[in-house]
Amino acid sequence: MTILPALFFLAMIALCVTGATLSACVAQHRIGPLLAVTGPLASLMILACATCVLITRQPMQIDLWHLPLLGLLRLRLDSVSALFVLALGISFLPAYLFSKSYMNRYPAHYNIRGFGIFFHLLLMACTLVLAAGDVVTFLFTWRLMSALATFPITLEHRQDEHRRAGYIFLAMNEAGIILATVGLLLMTAWAAGHIGFAALHQAMEHIPDGWRWAIFLIIFAGFSVKAGLVPVSSWLPRAHPVAPANMSAVLSGCMLNFGIYGIIRFDAIIMAPITAGPGLVVLAIGGLSALLGILYATTDNDLKRMLAHSSIENLGIVAVDVGAGMVFDAYHMPTIAAIAWVVAIYQMINHSAYKTLLFLGAGAIDHGTGTRDMNRLGGLLKRMPVTAVLFLVGALAISAMPPFNGFVSEWLTLQTILRSTELASRFSRVVFALCGASLALTAALSVTCFVKTFAMSFLGLPRSDTVRTAMESPPSMRLAMGILAVGCIALGLGATWMVPLVDRAMTPLTHQLAANALVPPFFTLQHGNAQFSRGFLTSFGKIGADVGSAVIPARSLVVLHQGQAANPVVYAMSTFYIAAVLIGIMLIVYLLVRLTTRRRVVRVGEPWAGGLRRLWPDMSYSATGFSNPVRVIFKSIFSPAQREDSQVAVAGHFRTAIRKPPRDTYIVDRLFLLPLVAGVKLLAGLMARLHRPAVVNAYAAWVFIVLLFVLVMNRLF
């Protein structure tokens, strides 16, 4: 059985290489269908590989080469990596299916053979990053992944905005991995040159606290760039929206996870935290990222840019869970730490599902209407009903509405944060409290954001001619979105299946099974044990916790965390029961309405509209107006600059179409990047003055002084 994952892995590589080769040979109009065949097959192979690793709990290992100075290069897919591969397949498979019809819009204007080549190879590169078992292989495959991702982003290279976005994406990723490389080289130095992850882990157990902090901060900063965390998040809403929808879905639904993977792999597993400080840093950065991300998402009217801002929010929530796990580990609270780690991975997988769905939905809207501006959309529910329903599923999931998957992970996140009351340090409790308040506000704003998104896009009156003539998405697009919508529902209803699966995979990090405390075995444990007494099981059986035990092969349908004797249940919920109750309520309401109105005579007439014969689209609520209260309340964060745009008519005596659109400067740019750029320019200007002919003697003097300083320091130390 252990050789089976390697066979699936090699089959994935063969399919990706085959797809890239065929993309260079076939006609352009066949690139989309080719992507929809070879891409899903390769995605299924890697999903099968990850599933085998998770089921057997045996890592897949392939030895590559033994380099004289560096050692053995190895591919090793363990259970933690397999969970990230699972999220990878969830995002890539529907994105490839979506390409079949979506790519037909490009051959008339651009050569898409390059897109087919790089999009095939990108899946291979992403999987190789997660399977890397040493520092050299990891850094090489990471650079390969960043380079391959840049080309699909700049498919529409004739537009300045797209070229600029590709450059920003590549530059920021390069800056991040260079910074992370410094930290990894320091790790390698402490491991006496050994590059294997196992050797690094052993060496980090004896590293001094000062070096531990330095390496942690360097690696965390480097991988935060990839994850889009504050203060290095401004590149994400610039780069992701300009890419084709299938690539945008992969960027936000999959590739942002690599930043979280780097933080978990190197800052949590290889260099396990022994104090709460590193975890509190990750926790605070995650909470701030979540709040800022959803604030900008709520006020943005471009569908894809709004979703990119929302990705900052969701990755911030994942970072909060990661930080909580690190803190609870440091305080030797293994059960709660294990729950935090499980929730972090579950939130990441959920984000991959619903964010991929929403980006593909935005691509379908753009494909059908030619615009992503919510102020120009509206009324698409009648023109694109299937797309509307599937997009609604994604919107409800990301808004954490029960019984969808986003509700489970975000509810568990808040419950885990509330367990911080058991921490001994008052400072840690304060940080957790502030982060919890930030996430509570984030959850409320998330509902506001996606109510606006769905209402302004699909409800009301069409606000442009292209929307009035929009057509439903092609079958391949609807199939791709339908798979993800089913996944969002299944991950929500199947929480009691997913938690044990993720829990078993995370044991190399947690060393504790969270499922025993989080998903009690109501269905499989009849007489009780040391943890769950017979009386405890009976008390829950009286309120219906045993419903379904005869037909459902699971531990239970309830997610519950058991406390101490004084407080036997800390929190409990069941998405399955919530769904049943919601369906029952809707059926009862439907029957009551039918019974009370069955004899009512309905007369259809022209509605009264304030004396007007008809309502015009300009009279309806706009996306800008919907989000304006948020902009007003958080004016200090947005810092908008009003620019009047008006047209003069009737001999200069009247003005028409007066508009005052706000132009924001992203707060991260305003407070962090712009001062940093100004400082670099100032330093460069001062250094440039030394190169002038008039100060050549001073330049030579500075060279001599620096050389003398180096020699003296070398002599002393």
# chains A, B, ... in the order shown; residues from 1 in each chain; ligands from 1
call {"tool": "select_by_dssp", "arguments": {"residues": "range 348-569 of chain A", "states": "strand (DSSP E)", "output": "list of chain:residue names"}}
result
A:Val559, A:Leu560, A:His561, A:Gln562, A:Val569
call {"tool": "closest_atom_pairs", "arguments": {"of": "range 55-134 of chain A", "to": "range 182-200 of chain A", "cutoff": "8 Å", "atoms": "only C-alpha atoms", "output": "JSON lines"}}
result
{"residue": "A:Leu70", "atom": "CA", "partner": "A:Ile195", "partner_atom": "CA", "distance": 7.0}
{"residue": "A:Gly71", "atom": "CA", "partner": "A:Ile195", "partner_atom": "CA", "distance": 7.1}
{"residue": "A:Leu72", "atom": "CA", "partner": "A:Gly196", "partner_atom": "CA", "distance": 7.8}
{"residue": "A:Gly133", "atom": "CA", "partner": "A:Phe197", "partner_atom": "CA", "distance": 6.1}
{"residue": "A:Asp134", "atom": "CA", "partner": "A:Gly196", "partner_atom": "CA", "distance": 4.3}
call {"tool": "select_by_dssp", "arguments": {"residues": "range 225-431 of chain A", "states": "alpha helix (DSSP H)", "output": "VMD selection string"}}
result
chain A and resid 225 to 227 236 to 239 245 to 250 257 to 262 277 to 299 303 to 330 334 to 369 380 to 383 385 to 398 405 to 418 426 to 431
call {"tool": "write_last_selection", "arguments": {"atoms": "C-alpha atoms", "output": "short mmCIF file (atom, residue, chain, number, x, y, z; two decimals), in the first residue's frame"}}
result
data_model
loop_
_atom_site.label_atom_id
_atom_site.label_comp_id
_atom_site.auth_asym_id
_atom_site.auth_seq_id
_atom_site.Cartn_x
_atom_site.Cartn_y
_atom_site.Cartn_z
CA VAL A 225 4.18 37.70 2.07
CA LYS A 226 2.87 34.58 0.36
CA ALA A 227 -0.09 34.29 2.72
CA LEU A 236 -2.74 40.63 -3.33
CA PRO A 237 -5.70 42.83 -4.41
CA ARG A 238 -3.50 44.21 -7.19
CA ALA A 239 -2.30 40.91 -8.66
CA ALA A 245 -10.80 33.64 -13.40
CA ASN A 246 -9.47 30.06 -13.36
CA MET A 247 -6.04 31.34 -12.36
CA SER A 248 -7.49 33.78 -9.80
CA ALA A 249 -9.36 30.88 -8.20
CA VAL A 250 -6.13 28.91 -7.86
CA ASN A 257 -2.06 28.33 1.61
CA PHE A 258 1.65 27.91 0.91
CA GLY A 259 2.44 30.84 3.19
CA ILE A 260 0.55 29.09 6.00
CA TYR A 261 2.32 25.84 5.14
CA GLY A 262 5.74 27.51 5.48
CA GLY A 277 5.65 35.04 22.38
CA PRO A 278 5.86 33.71 18.79
CA GLY A 279 2.28 32.45 18.92
CA LEU A 280 1.01 35.80 20.17
CA VAL A 281 2.77 37.54 17.26
CA VAL A 282 1.08 35.23 14.75
CA LEU A 283 -2.24 35.64 16.57
CA ALA A 284 -2.10 39.46 16.54
CA ILE A 285 -1.02 39.68 12.89
CA GLY A 286 -3.79 37.26 11.91
CA GLY A 287 -6.48 39.21 13.75
CA LEU A 288 -5.35 42.51 12.23
CA SER A 289 -5.20 40.98 8.75
CA ALA A 290 -8.72 39.58 9.08
CA LEU A 291 -10.20 42.93 10.14
CA LEU A 292 -8.43 45.05 7.51
CA GLY A 293 -9.14 42.51 4.78
CA ILE A 294 -12.90 42.46 5.37
CA LEU A 295 -13.06 46.26 5.74
CA TYR A 296 -11.62 46.77 2.27
CA ALA A 297 -13.68 43.90 0.86
CA THR A 298 -16.90 45.46 2.17
CA THR A 299 -16.25 48.77 0.39
CA LEU A 303 -16.06 41.45 -7.71
CA LYS A 304 -12.61 39.93 -8.05
CA ARG A 305 -10.80 42.65 -6.11
CA MET A 306 -13.38 42.31 -3.34
CA LEU A 307 -12.74 38.56 -3.21
CA ALA A 308 -8.98 39.18 -3.11
CA HIS A 309 -9.44 41.44 -0.06
CA SER A 310 -11.64 38.73 1.44
CA SER A 311 -8.80 36.24 1.01
CA ILE A 312 -6.66 38.43 3.28
CA GLU A 313 -9.45 38.15 5.86
CA ASN A 314 -9.73 34.38 5.61
CA LEU A 315 -5.99 33.74 5.72
CA GLY A 316 -5.91 36.04 8.73
CA ILE A 317 -8.42 33.75 10.46
CA VAL A 318 -6.22 30.74 9.63
CA ALA A 319 -3.23 32.61 11.09
CA VAL A 320 -5.26 33.29 14.26
CA ASP A 321 -5.84 29.54 14.65
CA VAL A 322 -2.16 28.82 14.01
CA GLY A 323 -1.11 31.41 16.59
CA ALA A 324 -3.61 30.03 19.12
CA GLY A 325 -2.22 26.53 18.62
CA MET A 326 1.34 27.78 19.19
CA VAL A 327 0.32 29.63 22.37
CA PHE A 328 -1.59 26.69 23.86
CA ASP A 329 1.34 24.41 23.00
CA ALA A 330 3.72 26.73 24.84
CA PRO A 334 -2.28 19.85 24.56
CA THR A 335 -5.99 19.21 24.08
CA ILE A 336 -6.93 22.82 23.35
CA ALA A 337 -3.79 23.21 21.23
CA ALA A 338 -4.78 20.17 19.19
CA ILE A 339 -8.25 21.64 18.67
CA ALA A 340 -6.71 24.93 17.48
CA TRP A 341 -4.49 23.14 14.96
CA VAL A 342 -7.39 21.07 13.64
CA VAL A 343 -9.52 24.20 13.26
CA ALA A 344 -6.67 25.99 11.41
CA ILE A 345 -6.44 23.26 8.78
CA TYR A 346 -10.21 22.88 8.54
CA GLN A 347 -10.60 26.63 7.99
CA MET A 348 -7.91 26.49 5.30
CA ILE A 349 -9.63 23.62 3.45
CA ASN A 350 -13.00 25.36 3.73
CA HIS A 351 -11.51 28.58 2.35
CA SER A 352 -10.08 26.68 -0.61
CA ALA A 353 -13.56 25.34 -1.40
CA TYR A 354 -15.74 28.44 -1.13
CA LYS A 355 -13.18 30.97 -2.35
CA THR A 356 -12.51 28.91 -5.49
CA LEU A 357 -16.28 28.73 -6.01
CA LEU A 358 -16.69 32.50 -5.62
CA PHE A 359 -13.81 33.35 -7.95
CA LEU A 360 -15.18 31.00 -10.60
CA GLY A 361 -18.60 32.58 -10.05
CA ALA A 362 -17.08 36.03 -10.58
CA GLY A 363 -15.47 34.70 -13.77
CA ALA A 364 -18.82 33.36 -14.95
CA ILE A 365 -20.42 36.76 -14.33
CA ASP A 366 -17.63 38.50 -16.20
CA HIS A 367 -17.92 35.96 -19.02
CA GLY A 368 -21.67 36.51 -19.32
CA THR A 369 -21.84 40.29 -18.85
CA LEU A 380 -28.77 38.46 -12.98
CA LEU A 381 -30.95 36.05 -11.02
CA LYS A 382 -33.35 35.93 -13.97
CA ARG A 383 -30.64 35.79 -16.63
CA PRO A 385 -30.29 31.44 -12.32
CA VAL A 386 -27.98 28.42 -11.89
CA THR A 387 -24.90 30.62 -11.49
CA ALA A 388 -26.84 32.74 -8.99
CA VAL A 389 -27.77 29.73 -6.82
CA LEU A 390 -24.22 28.35 -6.86
CA PHE A 391 -22.74 31.75 -6.07
CA LEU A 392 -25.24 32.08 -3.21
CA VAL A 393 -23.95 28.83 -1.71
CA GLY A 394 -20.42 30.23 -1.74
CA ALA A 395 -21.59 33.53 -0.28
CA LEU A 396 -23.45 31.79 2.56
CA ALA A 397 -20.45 29.54 3.25
CA ILE A 398 -17.94 32.38 3.44
CA ASN A 405 -18.62 24.67 6.03
CA GLY A 406 -17.55 28.21 6.87
CA PHE A 407 -19.84 28.21 9.89
CA VAL A 408 -18.14 25.16 11.45
CA SER A 409 -14.55 26.41 11.24
CA GLU A 410 -15.28 30.03 12.22
CA TRP A 411 -17.54 28.95 15.09
CA LEU A 412 -14.80 26.63 16.37
CA THR A 413 -12.27 29.45 15.96
CA LEU A 414 -14.25 31.76 18.24
CA GLN A 415 -14.85 28.97 20.75
CA THR A 416 -11.14 28.14 20.82
CA ILE A 417 -10.24 31.77 21.45
CA LEU A 418 -12.67 31.84 24.39
CA ARG A 426 -2.76 38.17 31.87
CA PHE A 427 -1.00 39.69 28.83
CA SER A 428 -1.82 36.61 26.75
CA ARG A 429 -5.46 36.79 27.82
CA VAL A 430 -5.63 40.45 26.77
CA VAL A 431 -4.16 39.68 23.34
#
call {"tool": "closest_residue", "arguments": {"among": "A:Ile264, A:Ala580, A:Met619, A:Leu179", "to": "Pro462 in chain A", "atoms": "only C-alpha atoms"}}
result
A:Met619
call {"tool": "closest_residue", "arguments": {"among": "A:Ile667, A:Val26, A:Ala132, A:Leu377", "to": "Ala455 in chain A", "atoms": "only C-alpha atoms"}}
result
A:Leu377
call {"tool": "atom_distance", "arguments": {"atom1": "CA of Met687 in chain A", "atom2": "CA of Leu674 in chain A"}}
result
19.9 Å
call {"tool": "residues_around", "arguments": {"residues": "Arg376 in chain A", "least_positions_apart": "2", "cutoff": "9 Å", "atoms": "only C-alpha atoms", "output": "mmCIF file with C-alpha atoms, in the first residue's frame"}}
result
data_model
loop_
_atom_site.group_PDB
_atom_site.id
_atom_site.type_symbol
_atom_site.label_atom_id
_atom_site.label_comp_id
_atom_site.auth_asym_id
_atom_site.auth_seq_id
_atom_site.Cartn_x
_atom_site.Cartn_y
_atom_site.Cartn_z
ATOM 1 C CA THR A 371 -18.114 43.538 -16.350
ATOM 2 C CA ARG A 372 -17.230 42.873 -12.708
ATOM 3 C CA ASP A 373 -18.419 46.245 -11.397
ATOM 4 C CA MET A 374 -21.301 45.635 -8.983
ATOM 5 C CA GLY A 378 -28.071 43.641 -11.034
ATOM 6 C CA MET A 456 -26.111 44.112 -6.012
ATOM 7 C CA SER A 457 -25.084 41.461 -8.547
ATOM 8 C CA PRO A 462 -30.088 45.474 -14.535
ATOM 9 C CA ARG A 463 -27.887 48.566 -14.579
ATOM 10 C CA SER A 464 -26.253 48.119 -17.995
ATOM 11 C CA VAL A 467 -26.474 42.669 -18.136
ATOM 12 C CA SER A 622 -26.028 50.922 -5.572
#
call {"tool": "closest_residue", "arguments": {"among": "A:Leu47, A:Val129, A:Ile62, A:Val232", "to": "Gly89 in chain A", "atoms": "only C-alpha atoms"}}
result
A:Leu47
call {"tool": "atom_distance", "arguments": {"atom1": "CA of Thr127 in chain A", "atom2": "CA of Phe84 in chain A"}}
result
9.1 Å
